$ cat input_4.txt   # compact mmCIF, C-alpha atoms and all ligand atoms
# COMPACT_ATOMS: atom_id res chain seq x y z
CA MET A 21 -10.65 12.77 -22.68
CA SER A 22 -7.75 11.21 -20.88
CA ILE A 23 -7.83 7.68 -19.52
CA ASN A 24 -8.48 7.54 -15.78
CA TYR A 25 -5.78 5.35 -14.22
CA ASP A 26 -5.95 4.44 -10.52
CA LEU A 27 -2.98 2.21 -9.81
CA HIS A 28 -3.14 1.72 -6.02
CA SER A 29 -6.09 0.21 -4.12
CA HIS A 30 -6.97 -2.33 -1.43
CA SER A 31 -9.63 -5.01 -0.97
CA THR A 32 -10.75 -7.27 1.89
CA VAL A 33 -7.83 -9.54 0.98
CA SER A 34 -5.69 -7.10 3.01
CA ASP A 35 -7.03 -4.04 4.84
CA GLY A 36 -9.69 -2.73 2.45
CA THR A 37 -13.39 -3.07 3.26
CA LEU A 38 -14.71 -3.93 -0.23
CA THR A 39 -14.28 -7.35 -1.80
CA PRO A 40 -12.27 -7.33 -5.04
CA ARG A 41 -15.53 -7.51 -7.00
CA GLU A 42 -17.14 -4.65 -5.03
CA LEU A 43 -13.98 -2.60 -5.47
CA VAL A 44 -14.01 -3.06 -9.25
CA GLU A 45 -17.72 -2.20 -9.38
CA ARG A 46 -17.10 1.02 -7.44
CA ALA A 47 -14.12 1.89 -9.64
CA GLN A 48 -16.32 1.58 -12.71
CA GLN A 49 -19.00 3.77 -11.08
CA LYS A 50 -16.39 6.41 -10.23
CA GLY A 51 -15.11 6.60 -13.80
CA VAL A 52 -11.90 4.62 -13.45
CA ASP A 53 -10.82 3.08 -16.77
CA VAL A 54 -7.79 1.15 -15.51
CA LEU A 55 -7.61 -0.05 -11.90
CA ALA A 56 -4.72 -1.77 -10.16
CA LEU A 57 -5.52 -3.90 -7.11
CA THR A 58 -2.47 -3.66 -4.85
CA ASP A 59 -3.21 -5.47 -1.61
CA HIS A 60 -0.52 -5.59 1.07
CA ASP A 61 1.76 -8.62 0.67
CA GLU A 62 -0.81 -10.80 -1.13
CA VAL A 63 -1.96 -11.22 -4.74
CA VAL A 64 -4.89 -13.63 -4.47
CA GLY A 65 -7.53 -10.89 -4.94
CA SER A 66 -6.44 -10.16 -8.49
CA LEU A 67 -8.06 -13.34 -9.81
CA GLU A 68 -11.51 -12.26 -8.62
CA ALA A 69 -10.77 -8.68 -9.67
CA VAL A 70 -9.83 -9.66 -13.24
CA ALA A 71 -13.12 -11.53 -13.64
CA ALA A 72 -15.05 -8.59 -12.16
CA ALA A 73 -13.29 -6.15 -14.47
CA GLN A 74 -14.54 -8.14 -17.47
CA GLU A 75 -18.03 -8.08 -16.01
CA PHE A 76 -18.03 -4.31 -15.39
CA GLY A 77 -16.10 -3.35 -18.52
CA ILE A 78 -12.95 -1.78 -17.09
CA GLU A 79 -9.32 -2.85 -17.23
CA LEU A 80 -7.66 -4.50 -14.24
CA VAL A 81 -3.93 -4.50 -13.60
CA ALA A 82 -2.79 -7.16 -11.15
CA GLY A 83 -0.59 -5.67 -8.46
CA VAL A 84 0.76 -5.90 -4.94
CA GLU A 85 2.06 -3.52 -2.27
CA VAL A 86 5.14 -5.12 -0.75
CA SER A 87 6.18 -4.18 2.81
CA VAL A 88 9.88 -3.33 2.91
CA THR A 89 12.27 -2.45 5.72
CA TRP A 90 14.93 0.04 4.73
CA ARG A 91 17.29 1.42 7.41
CA LYS A 92 14.81 0.25 10.09
CA GLN A 93 11.97 2.19 8.48
CA THR A 94 8.98 0.62 6.73
CA ILE A 95 8.46 1.67 3.13
CA HIS A 96 6.04 0.34 0.57
CA ILE A 97 6.89 -0.79 -2.95
CA VAL A 98 4.05 -1.38 -5.36
CA GLY A 99 4.45 -4.00 -8.08
CA LEU A 100 2.22 -3.40 -11.11
CA ASN A 101 1.28 -5.69 -13.98
CA ILE A 102 2.57 -8.74 -12.14
CA ASP A 103 1.75 -12.36 -12.86
CA PRO A 104 -0.16 -13.38 -9.71
CA HIS A 105 0.85 -17.01 -10.28
CA SER A 106 4.58 -16.26 -10.13
CA LYS A 107 6.33 -18.80 -7.85
CA GLU A 108 9.12 -16.42 -6.83
CA LEU A 109 6.67 -13.68 -5.91
CA ASN A 110 4.37 -15.97 -3.94
CA LEU A 111 7.28 -17.58 -2.11
CA GLY A 112 8.59 -14.18 -1.07
CA LEU A 113 5.18 -12.89 -0.03
CA GLY A 114 4.62 -16.13 1.89
CA ARG A 115 7.53 -15.25 4.14
CA LEU A 116 6.10 -11.79 4.81
CA GLN A 117 2.68 -13.32 5.55
CA LYS A 118 4.28 -15.63 8.16
CA TYR A 119 6.08 -12.72 9.78
CA ARG A 120 2.83 -10.76 9.72
CA GLU A 121 1.02 -13.54 11.64
CA TRP A 122 3.59 -13.45 14.43
CA ARG A 123 3.67 -9.66 14.42
CA GLY A 124 -0.14 -9.52 14.60
CA GLU A 125 -0.10 -11.58 17.79
CA GLU A 126 2.80 -9.55 19.18
CA ILE A 127 0.85 -6.30 18.70
CA GLY A 128 -2.00 -7.89 20.69
CA ARG A 129 0.39 -8.87 23.51
CA LYS A 130 1.84 -5.38 23.64
CA LEU A 131 -1.59 -3.75 23.72
CA GLU A 132 -2.64 -6.17 26.48
CA LYS A 133 0.37 -5.02 28.53
CA ALA A 134 -0.65 -1.44 27.84
CA GLY A 135 -4.07 -2.20 29.35
CA VAL A 136 -6.12 -2.79 26.20
CA GLU A 137 -7.89 -6.11 26.63
CA GLY A 138 -8.94 -8.47 23.88
CA ALA A 139 -7.32 -6.50 21.07
CA TYR A 140 -5.93 -9.54 19.24
CA ALA A 141 -9.29 -11.33 19.22
CA GLY A 142 -11.00 -8.07 18.35
CA ALA A 143 -8.72 -7.31 15.42
CA LEU A 144 -8.94 -10.91 14.19
CA ALA A 145 -12.73 -10.70 14.20
CA LEU A 146 -12.52 -7.69 11.85
CA LYS A 147 -10.20 -9.44 9.41
CA GLN A 148 -12.03 -10.48 6.24
CA GLY A 149 -9.14 -11.96 4.28
CA ASP A 150 -5.96 -13.72 5.31
CA LEU A 151 -3.90 -10.76 6.45
CA LEU A 152 -3.93 -9.07 9.84
CA THR A 153 -2.78 -5.45 9.62
CA ARG A 154 -2.48 -2.44 11.87
CA THR A 155 -5.59 -1.13 10.12
CA HIS A 156 -7.59 -3.96 11.75
CA TYR A 157 -6.18 -2.98 15.14
CA GLY A 158 -7.03 0.64 14.41
CA ARG A 159 -10.61 -0.29 13.56
CA PHE A 160 -10.90 -2.41 16.72
CA LEU A 161 -9.55 0.38 18.94
CA HIS A 162 -11.97 2.82 17.32
CA ASN A 163 -15.05 0.55 17.29
CA SER A 164 -14.57 -0.49 20.91
CA GLY A 165 -14.30 3.13 22.04
CA VAL A 166 -10.69 2.93 23.27
CA VAL A 167 -10.01 5.88 20.94
CA GLY A 168 -12.26 8.29 19.09
CA SER A 169 -10.87 7.81 15.58
CA MET A 170 -8.55 5.75 13.41
CA GLN A 171 -6.07 8.63 13.42
CA GLU A 172 -6.03 8.56 17.20
CA ALA A 173 -5.57 4.78 17.23
CA PHE A 174 -2.42 5.18 15.15
CA LYS A 175 -1.18 8.23 17.03
CA LYS A 176 -1.67 6.70 20.47
CA TYR A 177 -0.92 3.04 19.88
CA LEU A 178 0.17 1.93 16.43
CA LEU A 179 2.84 4.30 15.12
CA PRO A 180 6.59 3.77 15.70
CA GLY A 181 7.48 4.34 19.34
CA LYS A 182 3.92 3.81 20.61
CA LYS A 183 2.84 1.00 22.95
CA GLY A 184 1.37 -1.30 20.33
CA TYR A 185 4.12 -0.85 17.76
CA VAL A 186 6.22 -3.79 16.66
CA ARG A 187 9.23 -2.97 14.54
CA GLY A 188 8.88 -4.28 11.00
CA GLU A 189 11.09 -7.05 9.69
CA TRP A 190 9.88 -7.00 6.14
CA ALA A 191 11.65 -7.58 2.82
CA THR A 192 14.77 -5.73 1.71
CA ILE A 193 14.44 -3.45 -1.33
CA GLU A 194 16.53 -5.97 -3.26
CA GLU A 195 14.22 -8.86 -2.34
CA ALA A 196 11.02 -6.96 -3.13
CA LEU A 197 12.40 -5.92 -6.51
CA SER A 198 13.59 -9.42 -7.35
CA TRP A 199 10.12 -10.83 -6.60
CA ILE A 200 8.30 -8.13 -8.59
CA ASN A 201 10.66 -8.38 -11.54
CA ALA A 202 10.48 -12.20 -11.49
CA ALA A 203 6.70 -11.83 -11.75
CA GLY A 204 7.12 -9.65 -14.86
CA GLY A 205 5.95 -6.51 -13.08
CA VAL A 206 7.23 -2.97 -12.75
CA ALA A 207 8.19 -1.65 -9.31
CA VAL A 208 7.01 1.72 -8.02
CA VAL A 209 7.84 3.44 -4.71
CA ALA A 210 4.46 4.09 -3.08
CA HIS A 211 3.46 7.44 -1.50
CA PRO A 212 7.07 8.69 -1.22
CA ALA A 213 6.19 11.91 0.60
CA ARG A 214 4.69 9.91 3.48
CA TYR A 215 8.04 8.69 4.78
CA ASN A 216 9.10 12.07 6.16
CA MET A 217 12.59 11.54 4.77
CA SER A 218 15.02 14.36 4.16
CA ARG A 219 15.79 14.99 0.50
CA THR A 220 19.19 13.32 0.93
CA LYS A 221 17.73 10.24 2.56
CA LEU A 222 14.97 9.94 -0.02
CA ARG A 223 17.60 10.16 -2.77
CA SER A 224 19.65 7.38 -1.14
CA MET A 225 16.58 5.17 -0.93
CA LEU A 226 15.60 5.89 -4.54
CA GLY A 227 19.20 5.27 -5.62
CA GLU A 228 19.12 1.76 -4.14
CA PHE A 229 15.66 1.21 -5.59
CA ILE A 230 16.88 2.09 -9.10
CA GLU A 231 20.02 -0.03 -8.70
CA CYS A 232 17.78 -3.00 -7.89
CA GLY A 233 15.71 -2.44 -11.05
CA GLY A 234 12.97 -0.10 -9.82
CA VAL A 235 11.38 2.09 -12.49
CA GLY A 236 8.53 4.11 -10.96
CA LEU A 237 7.59 6.71 -8.37
CA GLU A 238 4.03 7.29 -7.17
CA VAL A 239 3.99 11.00 -7.89
CA VAL A 240 0.22 11.45 -7.58
CA SER A 241 -1.31 9.90 -4.45
CA SER A 242 -4.12 10.75 -2.04
CA ALA A 243 -1.35 10.95 0.55
CA HIS A 244 0.28 13.88 -1.29
CA ASN A 245 -0.60 17.56 -1.28
CA ASN A 246 0.06 19.76 -4.33
CA ASN A 247 3.56 20.74 -3.26
CA GLU A 248 4.48 17.12 -2.65
CA VAL A 249 3.24 16.18 -6.13
CA ILE A 250 5.49 18.87 -7.62
CA THR A 251 8.50 17.78 -5.53
CA MET A 252 8.02 14.12 -6.44
CA ALA A 253 7.55 14.97 -10.12
CA ASP A 254 10.95 16.73 -9.97
CA HIS A 255 12.59 13.67 -8.38
CA ALA A 256 11.00 11.41 -11.00
CA GLN A 257 12.20 13.59 -13.85
CA GLN A 258 15.74 13.94 -12.50
CA LEU A 259 16.08 10.21 -11.82
CA LYS A 260 14.30 9.14 -15.03
CA LEU A 261 11.65 7.32 -13.02
CA ALA A 262 8.21 6.89 -14.54
CA ALA A 263 5.33 8.48 -12.64
CA SER A 264 2.39 6.57 -11.19
CA ARG A 265 -1.03 7.75 -10.03
CA GLY A 266 -2.93 5.92 -7.30
CA SER A 267 -5.59 6.71 -4.71
CA ASP A 268 -4.59 4.11 -2.09
CA PHE A 269 -8.34 3.58 -1.62
CA HIS A 270 -9.28 1.37 1.37
CA ASP A 271 -12.78 2.16 2.55
CA PRO A 272 -15.80 4.09 1.18
CA LYS A 273 -16.28 5.50 4.69
CA ASN A 274 -13.11 7.58 4.22
CA SER A 275 -14.84 10.15 2.06
CA TRP A 276 -11.62 12.12 1.52
CA VAL A 277 -10.10 9.27 -0.51
CA GLU A 278 -12.04 8.10 -3.56
CA LEU A 279 -11.22 5.82 -6.47
CA GLY A 280 -10.05 7.68 -9.58
CA ARG A 281 -10.40 11.11 -7.97
CA LEU A 282 -6.88 12.46 -8.38
CA GLN A 283 -5.11 15.09 -10.40
CA GLN A 284 -3.41 13.99 -13.62
CA ILE A 285 0.30 13.26 -13.46
CA PRO A 286 2.27 16.43 -14.30
CA LYS A 287 2.87 16.86 -18.04
CA LYS A 288 6.65 16.60 -17.80
CA CYS A 289 6.33 13.11 -16.27
CA ASP A 290 6.73 9.88 -18.13
CA PRO A 291 3.68 7.67 -17.29
CA ILE A 292 4.29 4.27 -15.70
CA TRP A 293 1.55 2.64 -17.80
CA GLU A 294 3.74 2.99 -20.86
CA ARG A 295 6.18 0.58 -19.17
CA PHE A 296 3.65 -2.25 -18.70
P1 LIG A 301 0.65 -2.70 8.39
O1 LIG A 301 1.07 -3.09 7.00
O2 LIG A 301 -0.01 -3.84 9.12
O3 LIG A 301 1.73 -2.06 9.17
O4 LIG A 301 -0.50 -1.64 8.21
C1 LIG A 301 -0.25 -0.48 7.48
C2 LIG A 301 -1.55 0.18 7.09
O5 LIG A 301 -2.06 0.95 8.14
C3 LIG A 301 -1.37 1.17 5.95
O6 LIG A 301 -1.39 0.52 4.72
C4 LIG A 301 -2.56 2.07 6.11
O7 LIG A 301 -3.68 1.48 5.51
C5 LIG A 301 -2.77 2.07 7.61
N1 LIG A 301 -2.22 3.28 8.24
C6 LIG A 301 -0.92 3.59 8.44
N2 LIG A 301 -0.80 4.76 9.07
C7 LIG A 301 -2.05 5.21 9.30
C8 LIG A 301 -2.60 6.36 9.93
N3 LIG A 301 -1.83 7.30 10.49
N4 LIG A 301 -3.97 6.47 9.96
C9 LIG A 301 -4.75 5.54 9.42
N5 LIG A 301 -4.28 4.43 8.81
C10 LIG A 301 -2.96 4.27 8.75
MN MN A 302 -3.33 -0.25 4.07
MN MN A 303 1.20 2.00 1.72
MN MN A 304 -1.70 1.07 0.02

$ encode --input "input_4.txt" --output "structure tokens" --more "lines below"
Ligand code: AMP
Ligand code: MN
Ligand code: MN
Ligand code: MN
Amino acid sequence: MSINYDLHSHSTVSDGTLTPRELVERAQQKGVDVLALTDHDEVVGSLEAVAAAQEFGIELVAGVEVSVTWRKQTIHIVGLNIDPHSKELNLGLGRLQKYREWRGEEIGRKLEKAGVEGAYAGALALKQGDLLTRTHYGRFLHNSGVVGSMQEAFKKYLLPGKKGYVRGEWATIEEALSWINAAGGVAVVAHPARYNMSRTKLRSMLGEFIECGGVGLEVVSSAHNNNEVITMADHAQQLKLAASRGSDFHDPKNSWVELGRLQQIPKKCDPIWERF
């Protein structure tokens, strides 16, 4: 039987709803052999997760999902097998965390102007770790009945162009890669089919990513349908990028995304875990 790798997941440290320990426990129950914790812009959860992985008998890969702005668009770059104590990485992420604090308040101000009261306080109250994300705003808008679902919260308020959207000013690809590489990790472009880029644009982005030392593409993701997996496997093969596999699990309530429940990476792909 093949080893079940799930190399993209979130805990309460960012916008997941399980603590790192609960996440590892669930991963073990769902048959994951190797889990990567990849919280947004923060690595502190990996310490608890490593201890939990020993307790539950699975392997834990320390990771991070770095927010990046490329040509005014937000993209996500996952760093895998990083040293969570790396000074360079933590310094870089610290800057993103500061920006995130300001941006979190700014989203609240914009929603207030759009007639949604108390959103900042409401989102803050739902935050379990240190990071305030759009997911917390989405949960607040849903829980308080402003919208009927998370999807609607994003569609009506939180996506680019909507009333609660604040344009990202995240890291450059070059910065994100320098932090990940300084921390001894390997960099992977997360859920590439989600960016709605033309083939040409995606190739430009991946070209810069490779030039900066990037080595992986998340070919298999819960965000991808079968055709997208095939397309991304082709890109990976042509560009000699290794393929990653990750659920992007956030919350057990989203029953359509589960830990470890993904197709295998296509046979022609070169697995990212051989680069750790
Ligand atoms: P942020 O980093 O604060 O901009 O928040 C981004 C997070 O919002 C992503 O990591 C997802 O967890 C979540 N998200 C983005 N788009 C959607 C969507 N359309 N529906 C639900 N959640 C979303
Ligand atoms: Mn998220
Ligand atoms: Mn992401
Ligand atoms: Mn993610």

$ residues_near_point --input "input_4.txt" --point "(-4.0, 6.5, -10.9)" --cutoff "7 Å" --atoms "all atoms listed in the file" --output "count of residues only"
10

$ closest_atom_pairs --input "input_4.txt" --of "region 163-256 of chain A" --to "region 91-107 of chain A" --cutoff "12 Å" --atoms "all atoms listed in the file" --output "tab-separated table"
residue	atom	partner	partner_atom	distance
A:Leu179	CA	A:Thr94	CA	11.0
A:Pro180	CA	A:Gln93	CA	9.1
A:Gly181	CA	A:Gln93	CA	11.9
A:Val186	CA	A:Thr94	CA	11.2
A:Arg187	CA	A:Lys92	CA	7.8
A:Gly188	CA	A:Thr94	CA	6.5
A:Glu189	CA	A:Lys92	CA	8.2
A:Trp190	CA	A:Thr94	CA	7.7
A:Ala191	CA	A:Thr94	CA	9.5
A:Thr192	CA	A:Arg91	CA	9.5
A:Ile193	CA	A:Ile97	CA	8.2
A:Glu194	CA	A:Ile97	CA	10.9
A:Glu195	CA	A:Ile97	CA	10.9
A:Ala196	CA	A:Ile97	CA	7.4
A:Leu197	CA	A:Ile97	CA	8.3
A:Ser198	CA	A:Gly99	CA	10.7
A:Trp199	CA	A:Ser106	CA	8.5
A:Ile200	CA	A:Gly99	CA	5.7
A:Asn201	CA	A:Ile102	CA	8.1
A:Ala202	CA	A:Ser106	CA	7.3
A:Ala203	CA	A:Asp103	CA	5.1
A:Gly204	CA	A:Ile102	CA	5.4
A:Gly205	CA	A:Ile102	CA	4.2
A:Val206	CA	A:Leu100	CA	5.3
A:Ala207	CA	A:Gly99	CA	4.6
A:Val208	CA	A:Val98	CA	5.0
A:Val209	CA	A:Ile97	CA	4.7
A:Ala210	CA	A:Ile97	CA	5.5
A:His211	CA	A:His96	CA	7.8
A:Pro212	CA	A:Ile95	CA	8.4
A:Ala213	CA	A:Ile95	CA	10.8
A:Arg214	CA	A:Ile95	CA	9.1
A:Tyr215	CA	A:Ile95	CA	7.2
A:Asn216	CA	A:Gln93	CA	10.5
A:Met217	CA	A:Gln93	CA	10.1
A:Lys221	CA	A:Arg91	CA	10.1
A:Leu222	CA	A:Ile95	CA	11.0
A:Ser224	CA	A:Arg91	CA	10.7
A:Met225	CA	A:Arg91	CA	9.2
A:Leu226	CA	A:Ile97	CA	11.1
A:Glu228	CA	A:Arg91	CA	11.7
A:Phe229	CA	A:Ile97	CA	9.4
A:Gly233	CA	A:Gly99	CA	11.7
A:Gly234	CA	A:Ile97	CA	9.2
A:Val235	CA	A:Gly99	CA	10.2
A:Gly236	CA	A:Val98	CA	9.0
A:Leu237	CA	A:Ile97	CA	9.3
A:Glu238	CA	A:Val98	CA	8.9

$ residues_near_ligand --input "input_4.txt" --ligand "ligand MN 304 (chain A)" --cutoff "8 Å" --atoms "only C-alpha atoms and all ligand atoms" --output "number ranges by chain"
A: 28-30, 58-60, 85, 96, 210, 268-270

$ residues_near_ligand --input "input_4.txt" --ligand "ligand LIG 301 (chain A)" --cutoff "8 Å" --atoms "all atoms listed in the file" --output "list in words"
Asp35, Gly36, His60, Ser87, Arg120, Gly124, Leu152, Thr153, Arg154, Thr155, Gly158, Met170, Gln171, Glu172, Ala173, Phe174, Lys175, Leu178, Leu179, Gly188 and His270 of chain A

$ atom_distance --input "input_4.txt" --atom1 "CA of Val277 (chain A)" --atom2 "CA of Val44 (chain A)"
15.6 Å

$ atom_distance --input "input_4.txt" --atom1 "CA of Gly149 (chain A)" --atom2 "CA of Lys50 (chain A)"
24.5 Å

$ closest_residue --input "input_4.txt" --among "A:Arg281, A:Lys176, A:Arg41, A:Arg123" --to "Ala71 (chain A)" --atoms "only C-alpha atoms"
A:Arg41

$ build_atoms --input "input_4.txt" --residues "region 259-284 of chain A" --atoms "N, CA and C atoms" --output "CSV table (one decimal), in the coordinates of the input"
chain,number,residue,atom,x,y,z
A,259,LEU,N,15.6,11.6,-11.9
A,259,LEU,CA,16.1,10.2,-11.8
A,259,LEU,C,15.6,9.3,-13.0
A,260,LYS,N,14.9,9.9,-13.9
A,260,LYS,CA,14.3,9.1,-15.0
A,260,LYS,C,13.4,8.0,-14.6
A,261,LEU,N,12.6,8.3,-13.5
A,261,LEU,CA,11.6,7.3,-13.0
A,261,LEU,C,10.3,7.7,-13.7
A,262,ALA,N,9.5,6.6,-14.0
A,262,ALA,CA,8.2,6.9,-14.5
A,262,ALA,C,7.3,7.2,-13.4
A,263,ALA,N,6.2,8.0,-13.7
A,263,ALA,CA,5.3,8.5,-12.6
A,263,ALA,C,4.1,7.6,-12.6
A,264,SER,N,3.6,7.3,-11.4
A,264,SER,CA,2.4,6.6,-11.2
A,264,SER,C,1.4,7.5,-10.5
A,265,ARG,N,0.1,7.0,-10.6
A,265,ARG,CA,-1.0,7.8,-10.0
A,265,ARG,C,-1.9,6.7,-9.3
A,266,GLY,N,-2.1,6.9,-8.0
A,266,GLY,CA,-2.9,5.9,-7.3
A,266,GLY,C,-3.6,6.5,-6.1
A,267,SER,N,-4.8,6.1,-5.8
A,267,SER,CA,-5.6,6.7,-4.7
A,267,SER,C,-5.2,6.1,-3.4
A,268,ASP,N,-4.8,4.8,-3.4
A,268,ASP,CA,-4.6,4.1,-2.1
A,268,ASP,C,-5.9,4.0,-1.4
A,269,PHE,N,-7.0,3.7,-2.2
A,269,PHE,CA,-8.3,3.6,-1.6
A,269,PHE,C,-8.4,2.3,-0.7
A,270,HIS,N,-9.1,2.5,0.5
A,270,HIS,CA,-9.3,1.4,1.4
A,270,HIS,C,-10.8,1.2,1.7
A,271,ASP,N,-11.5,2.3,1.9
A,271,ASP,CA,-12.8,2.2,2.6
A,271,ASP,C,-13.7,3.3,2.1
A,272,PRO,N,-14.9,3.0,1.6
A,272,PRO,CA,-15.8,4.1,1.2
A,272,PRO,C,-16.2,5.1,2.3
A,273,LYS,N,-16.0,4.6,3.6
A,273,LYS,CA,-16.3,5.5,4.7
A,273,LYS,C,-15.3,6.7,4.8
A,274,ASN,N,-14.1,6.5,4.3
A,274,ASN,CA,-13.1,7.6,4.2
A,274,ASN,C,-13.4,8.4,3.0
A,275,SER,N,-14.3,9.4,3.2
A,275,SER,CA,-14.8,10.2,2.1
A,275,SER,C,-13.8,11.0,1.4
A,276,TRP,N,-12.7,11.3,2.1
A,276,TRP,CA,-11.6,12.1,1.5
A,276,TRP,C,-10.7,11.4,0.6
A,277,VAL,N,-10.9,10.0,0.5
A,277,VAL,CA,-10.1,9.3,-0.5
A,277,VAL,C,-11.1,8.5,-1.4
A,278,GLU,N,-11.1,8.8,-2.7
A,278,GLU,CA,-12.0,8.1,-3.6
A,278,GLU,C,-11.3,7.5,-4.8
A,279,LEU,N,-11.8,6.4,-5.3
A,279,LEU,CA,-11.2,5.8,-6.5
A,279,LEU,C,-11.2,6.8,-7.7
A,280,GLY,N,-10.1,6.9,-8.3
A,280,GLY,CA,-10.0,7.7,-9.6
A,280,GLY,C,-10.1,9.2,-9.4
A,281,ARG,N,-10.2,9.7,-8.2
A,281,ARG,CA,-10.4,11.1,-8.0
A,281,ARG,C,-9.1,11.7,-7.6
A,282,LEU,N,-8.2,12.0,-8.6
A,282,LEU,CA,-6.9,12.5,-8.4
A,282,LEU,C,-6.5,13.4,-9.5
A,283,GLN,N,-5.6,14.3,-9.3
A,283,GLN,CA,-5.1,15.1,-10.4
A,283,GLN,C,-4.4,14.2,-11.4
A,284,GLN,N,-4.2,14.7,-12.6
A,284,GLN,CA,-3.4,14.0,-13.6
A,284,GLN,C,-1.9,14.1,-13.2
